Structures are given as structure tokens and as C-alpha cells.
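*Asks:* For reference, this is structure-v9.csv, and it has CSV, C-alpha atoms.
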chain,number,residue,atom,x,y,z
Y,839,MET,CA,0.6,16.0,7.0
Y,840,GLN,CA,1.9,19.7,6.8
Y,841,LYS,CA,-0.7,22.0,5.3
Y,842,PHE,CA,1.4,25.0,4.6
Y,843,ASN,CA,4.9,26.5,4.4
Y,844,LYS,CA,6.2,29.5,6.3
Y,845,HIS,CA,8.3,32.5,5.2
Y,846,ILE,CA,10.3,34.5,7.7
Y,847,VAL,CA,9.9,38.2,6.8
Y,848,GLN,CA,13.2,39.9,6.2
Y,849,LYS,CA,13.9,43.6,6.5
Y,850,ASN,CA,12.7,45.7,3.6
Y,851,GLU,CA,10.6,42.9,2.1
Y,852,THR,CA,7.2,43.8,0.8
Y,853,LEU,CA,4.1,41.8,-0.1
Y,854,LYS,CA,5.0,42.2,-3.8
Y,855,SER,CA,8.7,41.1,-3.4
Y,856,VAL,CA,7.7,37.9,-1.4
Y,857,ALA,CA,4.9,37.1,-3.9
Y,858,SER,CA,7.4,37.4,-6.7
Y,859,LEU,CA,10.0,35.2,-4.8
Y,860,TYR,CA,7.5,32.4,-4.8
Y,861,ASN,CA,5.9,33.1,-8.2
Y,862,ILE,CA,2.4,33.6,-6.8
Y,863,SER,CA,0.1,36.6,-7.0
Y,864,GLU,CA,-0.1,39.2,-4.2
Y,865,ASP,CA,-3.8,38.5,-3.7
Y,866,ALA,CA,-3.2,34.7,-3.5
Y,867,LEU,CA,-0.4,35.2,-0.9
Y,868,LYS,CA,-2.5,37.6,1.2
Y,869,SER,CA,-5.6,35.4,1.0
Y,870,PHE,CA,-3.8,32.2,2.0
Y,871,HIS,CA,-2.0,33.9,4.9
Y,872,ASN,CA,-5.1,35.6,6.2
Y,873,ASN,CA,-7.0,32.3,6.2
Y,874,ASN,CA,-4.3,30.6,8.3
Y,875,CYS,CA,-3.1,33.3,10.7
Y,876,GLY,CA,-4.5,34.9,13.8
Y,877,VAL,CA,-6.5,38.2,13.5
Y,878,LYS,CA,-3.6,40.4,14.7
Y,879,GLU,CA,-1.3,38.9,12.0
Y,880,MET,CA,-3.7,39.5,9.1
Y,881,ILE,CA,-2.4,41.5,6.1
Y,882,LEU,CA,-4.7,44.4,5.0
Y,883,ILE,CA,-2.9,46.2,2.2
Y,884,GLU,CA,0.8,45.8,3.1
Y,885,PHE,CA,3.0,44.2,5.8
Y,886,THR,CA,2.5,45.8,9.2
Y,887,GLY,CA,5.1,44.1,11.3
Y,888,GLN,CA,4.3,40.5,10.5
Y,889,LYS,CA,7.3,38.3,11.4
Y,890,GLU,CA,6.3,35.2,9.4
Y,891,LEU,CA,3.9,34.4,6.6
Y,892,PHE,CA,1.8,31.4,5.8
Y,893,LEU,CA,2.3,30.1,2.3
Y,894,PRO,CA,0.6,27.4,0.2
Y,895,ARG,CA,2.4,24.1,0.4
Y,896,THR,CA,3.4,24.3,-3.2
Y,897,ALA,CA,5.0,27.8,-2.8
Y,898,VAL,CA,8.7,27.0,-2.8
Y,899,THR,CA,11.8,28.6,-4.4
Y,900,ASP,CA,13.2,25.2,-5.5
Y,901,LYS,CA,10.7,23.9,-8.0
Y,902,ASN,CA,12.5,20.5,-8.1
Y,903,ARG,CA,10.9,19.7,-4.7
Y,904,LEU,CA,7.4,19.7,-6.3
Y,905,VAL,CA,5.8,16.4,-7.0
Y,906,LYS,CA,5.1,16.1,-10.7
Y,907,PHE,CA,1.4,15.6,-11.3
Y,908,ASP,CA,-0.7,15.1,-14.4
Y,909,HIS,CA,-4.1,16.8,-15.0
Y,910,GLY,CA,-6.3,17.0,-11.8
Y,911,ASN,CA,-3.2,16.4,-9.7
Y,912,ARG,CA,-3.1,12.8,-10.8
Y,913,LEU,CA,0.0,11.0,-9.5
Y,914,ILE,CA,1.7,9.3,-12.5
Y,915,PHE,CA,2.5,5.6,-12.3
Y,916,GLN,CA,5.7,5.1,-14.2
Y,917,PRO,CA,7.4,1.8,-13.1
Y,918,GLU,CA,9.2,1.2,-16.5
Y,919,ASN,CA,12.5,-0.6,-16.0
Y,920,SER,CA,12.2,-0.7,-12.3
Y,921,PHE,CA,13.7,-3.5,-10.1
Y,922,TYR,CA,13.4,-3.6,-6.3
Y,923,LYS,CA,14.6,-5.9,-3.6
Y,924,TYR,CA,12.3,-5.7,-0.6
Y,925,GLY,CA,12.3,-6.9,3.0
Y,926,VAL,CA,8.8,-7.9,4.0
Y,927,ILE,CA,7.4,-8.2,7.5
Y,928,ILE,CA,3.8,-9.3,8.1
Y,929,ASN,CA,2.2,-9.4,11.6
Y,930,ILE,CA,-1.0,-11.2,12.2
Y,931,GLU,CA,-2.8,-10.7,15.5
Y,932,ASN,CA,-5.9,-12.5,16.7
Y,933,GLY,CA,-6.7,-11.3,20.2
Y,934,ASN,CA,-3.6,-12.2,22.2
Y,935,ASN,CA,-2.2,-14.6,19.6
Y,936,LYS,CA,0.5,-12.9,17.5
Y,937,ASN,CA,2.7,-14.2,14.7
Y,938,GLU,CA,5.3,-12.5,12.6
Y,939,LEU,CA,6.4,-13.6,9.1
Y,940,LYS,CA,9.6,-12.3,7.5
Y,941,TYR,CA,11.1,-12.8,4.0
Y,942,GLU,CA,12.7,-11.0,1.1
Y,943,ALA,CA,11.3,-10.6,-2.4
Y,944,THR,CA,12.2,-9.0,-5.7
Y,945,VAL,CA,9.8,-7.0,-7.9
Y,946,ARG,CA,10.8,-6.5,-11.6
Y,947,TRP,CA,8.9,-4.6,-14.2
Y,948,LEU,CA,8.5,-6.7,-17.4
Y,949,ARG,CA,6.4,-4.7,-19.9
Y,950,SER,CA,3.3,-2.6,-20.6
Y,951,GLU,CA,0.5,-3.8,-22.7
Y,952,LYS,CA,-3.2,-2.8,-23.1
Y,953,GLN,CA,-3.2,-0.2,-20.3
Y,954,LEU,CA,-1.6,-2.8,-17.9
Y,955,HIS,CA,1.9,-3.1,-16.4
Y,956,PHE,CA,3.3,-6.6,-15.9
Y,957,PHE,CA,5.7,-7.5,-13.1
Y,958,GLU,CA,7.6,-10.6,-12.0
Y,959,ILE,CA,7.6,-11.3,-8.3
Y,960,ASN,CA,10.1,-13.7,-6.7
Y,961,ARG,CA,10.8,-14.8,-3.1
Y,962,ILE,CA,14.5,-14.9,-2.6
Y,963,SER,CA,15.0,-15.8,1.0
Y,964,ASN,CA,14.0,-18.4,3.6
Y,965,LEU,CA,10.8,-17.7,5.5
Y,966,TYR,CA,11.1,-16.8,9.2
Y,967,LEU,CA,8.3,-17.2,11.7
Y,968,ASN,CA,8.6,-15.3,14.9
Y,969,GLU,CA,12.3,-14.6,14.2
Y,970,GLU,CA,13.1,-18.3,13.7
Y,971,GLU,CA,13.5,-20.2,10.4
Y,972,VAL,CA,10.4,-22.3,9.9
Y,973,ASN,CA,11.0,-25.9,11.1
Y,974,GLU,CA,7.6,-27.3,12.0
Y,975,ILE,CA,6.5,-29.9,9.4
Y,976,ALA,CA,3.3,-28.0,8.4
Y,977,ASP,CA,5.2,-24.7,8.1
Y,978,LEU,CA,8.0,-26.3,6.1
Y,979,LEU,CA,5.5,-28.0,3.7
Y,980,ALA,CA,3.7,-24.7,3.2
Y,981,TYR,CA,6.9,-22.8,2.5
Y,982,LYS,CA,8.4,-25.4,0.2
Y,983,THR,CA,5.3,-26.0,-1.8
Y,984,SER,CA,4.9,-22.2,-2.3
Y,985,LYS,CA,8.0,-22.5,-4.6
Y,986,VAL,CA,5.6,-23.7,-7.3
Y,987,LEU,CA,4.2,-20.1,-7.5
Y,988,TYR,CA,7.6,-18.3,-8.0
Y,989,PRO,CA,8.6,-16.5,-10.1
Y,990,LEU,CA,5.1,-15.1,-10.2
Y,991,GLN,CA,3.8,-12.8,-12.9
Y,992,VAL,CA,1.1,-10.3,-12.2
Y,993,SER,CA,-0.6,-7.5,-14.0
Y,994,VAL,CA,-1.3,-4.1,-12.5
Y,995,ASP,CA,-3.6,-1.3,-13.9
Y,996,GLN,CA,-2.7,2.3,-14.5
Y,997,GLN,CA,-3.6,3.3,-10.9
Y,998,GLY,CA,-1.1,0.7,-9.6
Y,999,LYS,CA,-3.8,-1.6,-8.5
Y,1000,PHE,CA,-3.4,-5.4,-8.5
Y,1001,ASN,CA,-5.3,-6.9,-11.5
Y,1002,ALA,CA,-4.6,-10.6,-12.0
Y,1003,VAL,CA,-2.1,-13.4,-11.9
Y,1004,GLU,CA,-0.8,-13.9,-15.4
Y,1005,ASN,CA,1.2,-17.2,-15.4
Y,1006,LEU,CA,-1.3,-19.7,-13.8
Y,1007,SER,CA,-0.5,-22.2,-16.6
Y,1008,VAL,CA,3.1,-22.7,-15.5
Y,1009,PHE,CA,2.3,-23.8,-11.9
Y,1010,ASN,CA,1.3,-27.3,-12.9
Y,1011,GLU,CA,4.4,-27.6,-15.0
Y,1012,ARG,CA,6.6,-26.7,-11.9
Y,1013,TRP,CA,4.7,-29.0,-9.6
Y,1014,ASN,CA,6.5,-32.3,-10.5
Y,1015,ASP,CA,9.9,-30.8,-9.7
Y,1016,VAL,CA,8.7,-29.3,-6.4
Y,1017,LYS,CA,6.9,-32.5,-5.4
Y,1018,ASN,CA,10.0,-34.6,-6.1
Y,1019,GLU,CA,12.1,-32.3,-3.9
Y,1020,LEU,CA,9.5,-32.7,-1.1
Y,1021,TYR,CA,9.7,-36.5,-1.2
Y,1022,LYS,CA,13.5,-36.4,-1.0
Y,1023,GLU,CA,13.2,-34.7,2.4
Y,1024,PHE,CA,9.9,-36.0,3.8
Y,1025,ASP,CA,7.7,-39.0,3.6
Y,1026,GLY,CA,4.5,-40.3,5.3
Y,1027,GLU,CA,0.8,-39.6,5.3
Y,1028,THR,CA,1.2,-35.9,6.2
Y,1029,VAL,CA,3.2,-35.2,3.0
Y,1030,ASP,CA,0.8,-37.3,0.9
Y,1031,GLU,CA,-2.2,-35.5,2.2
Y,1032,TYR,CA,-0.5,-32.1,1.7
Y,1033,CYS,CA,0.5,-32.9,-1.8
Y,1034,LEU,CA,-3.1,-34.0,-2.7
Y,1035,LYS,CA,-4.4,-30.7,-1.3
Y,1036,ILE,CA,-1.9,-28.7,-3.4
Y,1037,GLU,CA,-2.8,-30.7,-6.5
Y,1038,LYS,CA,-6.5,-30.0,-6.0
Y,1039,THR,CA,-5.8,-26.3,-5.6
Y,1040,LEU,CA,-3.6,-26.2,-8.7
Y,1041,SER,CA,-6.3,-27.9,-10.7
Y,1042,GLU,CA,-8.8,-25.2,-9.8
Y,1043,GLY,CA,-7.5,-22.0,-11.4
Y,1044,ASP,CA,-10.0,-19.8,-9.6
Y,1045,SER,CA,-8.8,-21.1,-6.2
Y,1046,ILE,CA,-5.1,-20.3,-6.9
Y,1047,SER,CA,-6.1,-16.9,-8.3
Y,1048,LEU,CA,-8.0,-16.1,-5.1
Y,1049,LEU,CA,-5.2,-17.3,-2.9
Y,1050,LEU,CA,-2.7,-15.0,-4.6
Y,1051,LYS,CA,-5.2,-12.1,-4.7
Y,1052,ASN,CA,-5.3,-12.4,-0.9
Y,1053,ASP,CA,-1.5,-12.2,-0.6
Y,1054,TYR,CA,-0.8,-9.3,1.9
Y,1055,PHE,CA,2.5,-8.3,0.3
Y,1056,LEU,CA,1.0,-8.0,-3.2
Y,1057,ARG,CA,-2.1,-6.2,-2.1
Y,1058,THR,CA,-0.1,-3.7,-0.1
Y,1059,LEU,CA,2.4,-3.0,-2.8
Y,1060,PHE,CA,-0.3,-2.7,-5.5
Y,1061,LEU,CA,-3.0,-1.0,-3.6
Y,1062,GLY,CA,-3.7,1.6,-6.3
Y,1063,VAL,CA,-2.7,5.0,-5.0
Y,1064,TYR,CA,-1.9,6.5,-8.4
Y,1065,GLN,CA,-5.0,8.6,-8.7
Y,1066,SER,CA,-6.2,12.2,-9.1
Y,1067,PHE,CA,-5.8,13.9,-5.8
Y,1068,GLY,CA,-7.6,17.1,-6.8
Y,1069,GLN,CA,-7.1,20.7,-5.7
Y,1070,ASN,CA,-6.7,19.8,-2.0
Y,1071,PHE,CA,-4.4,16.8,-2.6
Y,1072,THR,CA,-6.8,14.4,-1.0
Y,1073,ILE,CA,-9.1,11.5,-2.1
Y,1074,ASN,CA,-12.1,10.1,-0.3
Y,1075,GLY,CA,-13.3,6.7,-1.2
Y,1076,ASN,CA,-13.7,3.0,-0.3
Y,1077,GLU,CA,-11.0,0.4,-0.2
Y,1078,SER,CA,-11.2,-3.3,0.6
Y,1079,PHE,CA,-8.6,-5.6,2.1
Y,1080,PRO,CA,-8.5,-9.4,2.6
Y,1081,ILE,CA,-8.2,-9.3,6.4
Y,1082,VAL,CA,-10.9,-12.1,6.7
Y,1083,ASN,CA,-11.5,-15.2,4.7
Y,1084,ASN,CA,-14.5,-14.1,2.7
Y,1085,PRO,CA,-15.2,-13.8,-1.1
Y,1086,VAL,CA,-16.4,-10.3,-0.5
Y,1087,GLU,CA,-13.7,-8.4,1.3
Y,1088,PRO,CA,-14.5,-5.9,4.1
Y,1089,LYS,CA,-14.7,-2.3,2.9
Y,1090,TYR,CA,-13.1,0.7,4.6
Y,1091,GLN,CA,-13.9,4.3,4.1
Y,1092,ILE,CA,-10.6,6.0,3.6
Y,1093,GLU,CA,-9.1,9.5,3.1
Y,1094,LEU,CA,-5.8,9.5,1.1
Y,1095,GLU,CA,-3.6,12.6,1.3
Y,1096,ILE,CA,-0.5,13.3,-0.7
Y,1097,ASP,CA,2.2,15.9,0.2
Y,1098,PRO,CA,2.8,18.0,-3.0
Y,1099,LEU,CA,6.4,18.4,-1.8
Y,1100,LYS,CA,9.0,15.7,-1.8
Y,1101,ASP,CA,10.7,15.2,1.5
Y,1102,GLU,CA,14.4,15.7,2.3
Y,1103,TYR,CA,15.1,12.2,0.9
Y,1104,ASP,CA,13.4,13.1,-2.4
Y,1105,LEU,CA,10.5,10.8,-1.5
Y,1106,ILE,CA,6.8,11.3,-2.2
Y,1107,ASN,CA,4.7,10.9,0.9
Y,1108,ILE,CA,1.2,9.5,0.9
Y,1109,GLU,CA,-0.8,8.7,4.0
Y,1110,GLY,CA,-4.3,7.3,4.5
Y,1111,ASN,CA,-6.7,6.8,7.4
Y,1112,GLY,CA,-10.1,5.2,7.5
Y,1113,THR,CA,-12.7,3.1,9.3
Y,1114,LEU,CA,-14.7,0.0,8.5
Y,1115,ASN,CA,-17.8,0.9,6.6
Y,1116,GLU,CA,-19.9,-2.3,6.3
Y,1117,GLU,CA,-23.5,-3.4,6.5
Y,1118,ARG,CA,-22.2,-6.8,7.6
Y,1119,SER,CA,-21.9,-7.3,11.4
Y,1120,SER,CA,-19.1,-9.1,13.2
Y,1121,TYR,CA,-21.5,-12.1,13.3
Y,1122,ASP,CA,-21.8,-12.0,9.5
Y,1123,PHE,CA,-18.0,-12.0,9.1
Y,1124,ILE,CA,-17.5,-14.8,11.6
Y,1125,ASN,CA,-19.9,-16.9,9.6
Y,1126,GLY,CA,-18.4,-16.1,6.3
Y,1127,ALA,CA,-21.4,-14.2,4.9
Y,1128,PRO,CA,-20.8,-12.3,1.7
Y,1129,PHE,CA,-23.7,-10.0,2.6
Y,1130,SER,CA,-25.7,-8.9,5.6
Y,1131,PHE,CA,-28.2,-11.4,7.0
Y,1132,ILE,CA,-30.4,-8.6,8.0
Y,1133,VAL,CA,-31.8,-6.4,5.3
Y,1134,GLU,CA,-32.8,-2.9,6.4
Y,1135,GLU,CA,-33.8,0.2,4.5
Y,1136,ASN,CA,-31.4,2.4,6.6
Y,1137,PRO,CA,-28.9,-0.1,8.1
Y,1138,VAL,CA,-26.6,0.9,11.0
Y,1139,MET,CA,-23.1,0.6,9.5
Y,1140,ASN,CA,-20.5,-1.5,11.2
Y,1141,LYS,CA,-17.6,0.9,12.0
Y,1142,ASP,CA,-15.6,-1.4,14.3
Y,1143,GLY,CA,-12.4,-1.5,12.3
Y,1144,SER,CA,-9.7,0.8,11.2
Y,1145,PHE,CA,-7.3,1.2,8.2
Y,1146,ARG,CA,-4.0,3.1,7.9
Y,1147,ILE,CA,-1.4,3.3,5.2
Y,1148,GLN,CA,1.9,5.3,4.8
Y,1149,TYR,CA,3.7,5.2,1.4
Y,1150,TYR,CA,7.2,6.6,0.6
Y,1151,LEU,CA,7.6,6.7,-3.2
Y,1152,ASN,CA,10.7,7.3,-5.2
Y,1153,GLY,CA,10.7,11.0,-6.3
Y,1154,LYS,CA,11.7,10.2,-9.9
Y,1155,THR,CA,9.9,6.9,-10.7
Y,1156,SER,CA,7.1,7.2,-8.1
Y,1157,PHE,CA,7.6,3.5,-7.3
Y,1158,PRO,CA,7.5,2.5,-3.6
Y,1159,GLU,CA,10.7,2.7,-1.6
Y,1160,SER,CA,8.9,1.7,1.6
Y,1161,LEU,CA,5.4,1.4,2.8
Y,1162,TYR,CA,3.3,0.4,5.8
Y,1163,LEU,CA,-0.3,-0.9,6.0
Y,1164,GLU,CA,-2.3,-1.6,9.2
Y,1165,CYS,CA,-5.8,-3.0,9.1
Y,1166,ASP,CA,-8.1,-4.4,11.9
Y,1167,ILE,CA,-11.6,-5.6,12.4
Y,1168,MET,CA,-13.6,-6.9,15.3
Y,1169,LEU,CA,-14.6,-10.6,15.1
Y,1170,ARG,CA,-14.9,-12.7,18.2
Y,1171,GLU,CA,-11.7,-11.0,19.1
Y,1172,ARG,CA,-10.0,-8.1,17.3
Y,1173,LYS,CA,-8.0,-9.3,14.2
Y,1174,LYS,CA,-5.2,-7.1,13.0
Y,1175,ILE,CA,-2.9,-7.3,10.0
Y,1176,SER,CA,0.2,-5.1,9.6
Y,1177,VAL,CA,2.5,-5.2,6.6
Y,1178,VAL,CA,5.9,-3.5,6.4
Y,1179,VAL,CA,7.7,-3.4,3.1
Y,1180,ALA,CA,11.2,-1.7,2.8
Y,1181,SER,CA,13.6,-1.6,-0.1
Y,1182,ILE,CA,17.0,-3.2,0.5
Y,1183,ASP,CA,20.0,-1.2,-0.8
Y,1184,GLU,CA,22.6,-3.7,-1.9
Y,1185,ASN,CA,25.3,-1.0,-2.3
Could you take the file, read its structure, and then write that structure out as C-alpha cells?
*Replies:*
Amino acid sequence: MQKFNKHIVQKNETLKSVASLYNISEDALKSFHNNNCGVKEMILIEFTGQKELFLPRTAVTDKNRLVKFDHGNRLIFQPENSFYKYGVIINIENGNNKNELKYEATVRWLRSEKQLHFFEINRISNLYLNEEEVNEIADLLAYKTSKVLYPLQVSVDQQGKFNAVENLSVFNERWNDVKNELYKEFDGETVDEYCLKIEKTLSEGDSISLLLKNDYFLRTLFLGVYQSFGQNFTINGNESFPIVNNPVEPKYQIELEIDPLKDEYDLINIEGNGTLNEERSSYDFINGAPFSFIVEENPVMNKDGSFRIQYYLNGKTSFPESLYLECDIMLRERKKISVVVASIDEN
């Protein structure tokens, strides 16, 4: 991400006039330039033939390009009255085995209450597996029974991080209608067994909550990037993601960086990169262990995994217009998840 802006020095410009143009002090301009230029281009007292100047990223003449932050350069989450239609693509790779899921979904803000935002999520299209509409009996059953979940209501905290599913009680109410639709199209032991499995899951609230918490679309959309980015517009921390089936998700050490300037499309850019940072080994993850089997005072951390995100947020509402997440981990073979979410303009 770009770290500075440049100013082309015009004839008769002085240190004072350029500093005034960008509303910064002469000392701040000189200091920033000198810290980023070569020795021959350094400014001592006044310009001595410099052709271009290095400026802080926030030094612009058009202040509308600046991202609006709260105290501590905290990015403000303000999703009120938002409604988005998204195209979603999820790629799942296990070694050489690759599958791609595609569908469309809507996200509607409902209300705010007790420091939480509430959203309604709905799937509005058929599900496509590897560019073809699902037609295998197992895939069809999975898709059609998923209708019991939608519309789905979730809560999200002030950092934009997924909190909980809020309408678990209605899933059982919807089930009879969904089940009746299934038996109009299918019959046999396969359907009977699948319905029993769904009914067992619905009877266990914790199971359905965990299932939805692990939804790649929801977790990517509501990752929680609305934080204080500090003086350098970066955050260093840990993030987890449900790339493996484990009650304790793998943790990644990540640096998030935000560009304090909106781009030419009036979008706020955030990117993040990181590596796996786990005491658990590949063997532990393969065996579903929630903690390391080997306890050491100074464990050698498992770094064999990577994490990358790119967000483009609406410059006015700061709600995502598009985003990309890529996450991998080494098991018996390398497993990789990538999620692409892009708003669909219906105009």
C-alpha cells in the first residue's frame, strides 16, 4: 500500500508555500521528505533544486479524499439503513481436489441495540458447484434443506465482527414446510436419513450456531476490521478462521493496514497479511485436537499457513462493496479457502 504522496515542485515555489498548500508545517514537510528521499535530495533550509517532494499520505489539497476516522484513527462502522446484494464465490482446495461454490445473497441492516447491529441475510439464487447447478442428490438435499436457515438474522459488534445467530427459534417452525417440499420431489432411505440428521441438528441449538458461525461468507463479511489503526494506520494482532473442523479455530498473526485516502472510486482500502501462529502441529489439527498434545515451556510455533485479506469499503457508509479472503494451512495436504464477495449493481 502506498506510504506517501509526491508533489512536483513548480517554479517559484518555496518550502513555506508548499507547506501552506497542504496545510502542514514547514518542519513536518521537511522532516517527512528528508526521511524518504535520497541524501542528495534532502532539504536543509530551503529548496535547492528538488524536483519532487515526498509528502505524508494524508497531505492532500482535496480533503474529501481523506477517510473519516474517530479517535485513535478508529474506522467507524456505520451500516445504518444499508442493503446490499452480493455475488459470492467460495473455493475450497484440498491438495489437488478443488471445488467452487457460487450463489447470490442479500444483506440488510435491521436495527442497533445494546452496542450490537442486527442484519438479515438471505440467499436469493440457486447454488452452483463448479459452474453447474447442483444436481447430485446429496448436494440437492444440502441446498434445499439450507432453506430452513433463511432469512437468517445475525448480530454484529461495533467492530463489525460476527457475534451470534439471533433467530434460532424459527428454524424448527420452518422445518415442516421445507420437509414437505423435499418429499414432494424425493423419496427413499437417503431422504429419510438426511431429514433425521437435519432434525437432530435443529434440536441442538449449539450445533446449528456452530454451523453458521463457520459459514465462510458470514465470517469474511463480518471479520471485524473497524478498529483503531493508530498513528501508522496499521494493526498487529491475531485472527482465527474456521478453515478446519475444530472447536478451537486456527490462529493467524496478521497485520492490517488501511489507506487513509479513498481511492479513485471513493472506496476505503484495507489489506491484511499474516501467517499461522499455533502451538498445535499439523498432526494435532488432523486429529481434531483443540490444544497441543505436546506441552513445552518454549514451544516451536507452527507457521505453516498463510492469511490474506483485501477489503474495499464504501467511502460514505464504510460498508463492504467487495472483499477477498484467502487462508491456507498444511494438514496431510495443503488446505486452502478463498472467498470472493462483490456487490451487484442492479442499475
*Asks:* Interatomic distance between atom CA of Ser869 of chain Y and atom CA of Pro1098 of chain Y?
*Replies:*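 It comes out at 19.7 Å.
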*Asks:* So the first atom is atom CA of Ser863 of chain Y and the second is atom CA of Ala897 of chain Y; what is the distance between them in Å, to one decimal place?
*Replies:* 10.9 Å
*Asks:* Restrict the calculation to all atoms listed in the file, then for each residue of segment 921-951 of chain Y with any atom at most 9 Å from an atom of segment 1047-1055 of chain Y give the closest atom pair and their distance in Å to one decimal, rows by chain and rising residue number, as a tab-separated table.
*Replies:*
residue	atom	partner	partner_atom	distance
Y:Val926	CA	Y:Phe1055	CA	7.3
Y:Ile927	CA	Y:Phe1055	CA	8.7
Y:Ile928	CA	Y:Tyr1054	CA	7.7
*Asks:* Suppose we keep C-alpha atoms; can you now write the selection as a PDB file, in the frame of the given file?
*Replies:*
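This went into part_5.pdb:
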ATOM      1  CA  VAL Y 926       8.800  -7.900   4.000  1.00  0.00           C
ATOM      2  CA  ILE Y 927       7.400  -8.200   7.500  1.00  0.00           C
ATOM      3  CA  ILE Y 928       3.800  -9.300   8.100  1.00  0.00           C
TER       4      ILE Y 928
END
*Asks:* Which of these residues is nearest to Arg912 of chain Y, using all atoms listed in the file: Y:Ala866, Y:Leu948, Y:Ile1096, Y:Val1138?
*Replies:* Y:Ile1096
*Asks:* Using only C-alpha atoms, can you tell me which of Y:Ala1127, Y:Ile1073, Y:Ile1106, Y:Val1016 comes closest to Val1086 of chain Y?
*Replies:*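 Between Y:Ala1127, Y:Ile1073, Y:Ile1106, Y:Val1016, the residue approaching Val1086 of chain Y most closely is Y:Ala1127.
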*Asks:* What is the distance, in Å and to one decimal place, between atom CA of Phe1009 of chain Y and atom CA of Arg961 of chain Y?
*Replies:*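 Spanning atom CA of Phe1009 of chain Y to atom CA of Arg961 of chain Y is a straight-line distance of 15.2 Å.
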*Asks:* Need the shell around Asn861 of chain Y: protein/DNA/RNA residues with any atom at most 12 Å away, counting all atoms listed in the file. Skip same-chain ones fewer than 6 positions apart. Format as a ChimeraX atom specification?
*Replies:* /Y:854-855,867,893-894,896-901
*Asks:* Write out, as a tab-separated table (two decimals), in the coordinates of the input, the residues just selected, with C-alpha atoms.
*Replies:*
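What follows is the written file part19.tsv:
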chain	number	residue	atom	x	y	z
Y	854	LYS	CA	5.00	42.20	-3.80
Y	855	SER	CA	8.70	41.10	-3.40
Y	867	LEU	CA	-0.40	35.20	-0.90
Y	893	LEU	CA	2.30	30.10	2.30
Y	894	PRO	CA	0.60	27.40	0.20
Y	896	THR	CA	3.40	24.30	-3.20
Y	897	ALA	CA	5.00	27.80	-2.80
Y	898	VAL	CA	8.70	27.00	-2.80
Y	899	THR	CA	11.80	28.60	-4.40
Y	900	ASP	CA	13.20	25.20	-5.50
Y	901	LYS	CA	10.70	23.90	-8.00
*Asks:* Report as a list in words all protein, DNA and RNA residues lying within 9 Å of Gly910 of chain Y, evaluated on only C-alpha atoms, omitting residues in the same chain fewer than 5 positions from it.
*Replies:* Ser1066, Phe1067, Gly1068 and Gln1069 of chain Y
*Asks:* Give me, as a tab-separated table, the closest atom pair and its distance (Å, one decimal) for every residue of segment 884-976 of chain Y within a cut-off of 12 Å of segment 997-1000 of chain Y, counting only C-alpha atoms, rows sorted by chain and rising number.
*Replies:*
residue	atom	partner	partner_atom	distance
Y:Arg912	CA	Y:Gln997	CA	9.5
Y:Leu913	CA	Y:Gln997	CA	8.6
Y:Ile914	CA	Y:Gln997	CA	8.2
Y:Phe915	CA	Y:Gly998	CA	6.7
Y:Gln916	CA	Y:Gly998	CA	9.3
Y:Pro917	CA	Y:Gly998	CA	9.3
Y:Gln953	CA	Y:Gln997	CA	10.0
Y:Leu954	CA	Y:Gly998	CA	9.0
Y:His955	CA	Y:Gly998	CA	8.3
Y:Phe956	CA	Y:Phe1000	CA	10.1
Y:Phe957	CA	Y:Phe1000	CA	10.4
*Asks:* Applying 6 Å and only C-alpha atoms, which residues near segment 1156-1168 of chain Y remain after dropping the ones on its own chain fewer than 3 positions away? List them as a list in words.
*Replies:* Asp1142, Gly1143, Ser1144, Phe1145, Arg1146, Ile1147, Gln1148, Tyr1149, Tyr1150, Leu1151, Asn1152, Gly1153, Glu1171, Arg1172, Lys1173, Lys1174, Ile1175, Ser1176, Val1177, Val1178, Val1179, Ala1180 and Ser1181 of chain Y
*Asks:* Pick out the closest residue to Met839 of chain Y from this set: Y:Leu1094, Y:Leu1114, Y:Ile1182, Y:Cys875. Count all atoms listed in the file.
*Replies:*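 The closest residue to Met839 of chain Y is Y:Leu1094.
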*Asks:* Identify which of the residues Y:Thr1028, Y:Ile1081, Y:Ile1092, Y:Pro989 lies closest to Glu931 of chain Y, counting all atoms listed in the file when measuring atom-to-atom distances.
*Replies:*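 That would be Y:Ile1081, the residue with the smallest distance to Glu931 of chain Y.
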*Asks:* Measuring atom to atom with only C-alpha atoms, identify which of Y:Leu1006, Y:Val905, Y:Ser963, Y:His845 is nearest to Leu859 of chain Y.
*Replies:*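 Nearest candidate to Leu859 of chain Y out of Y:Leu1006, Y:Val905, Y:Ser963, Y:His845: Y:His845.
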*Asks:* Residues at most 12 Å from Thr886 of chain Y, counting only C-alpha atoms, excluding those fewer than 5 positions away in the same chain, as number ranges by chain?
*Replies:* Y: 847, 849-853, 878-881, 891
*Asks:* Given the point (-8.1, -22.1, -16.5) in the file's coordinates, find the residues that have an atom at most 12 Å from it, counting all atoms listed in the file, and give them as a count of residues only.
*Replies:* 17
*Asks:* Restricting the calculation to all atoms listed in the file, which member of Y:Asn919, Y:Tyr981, Y:Lys841, Y:Arg949 is positioned closest to Thr1072 of chain Y?
*Replies:*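 The closest residue to Thr1072 of chain Y is Y:Lys841.
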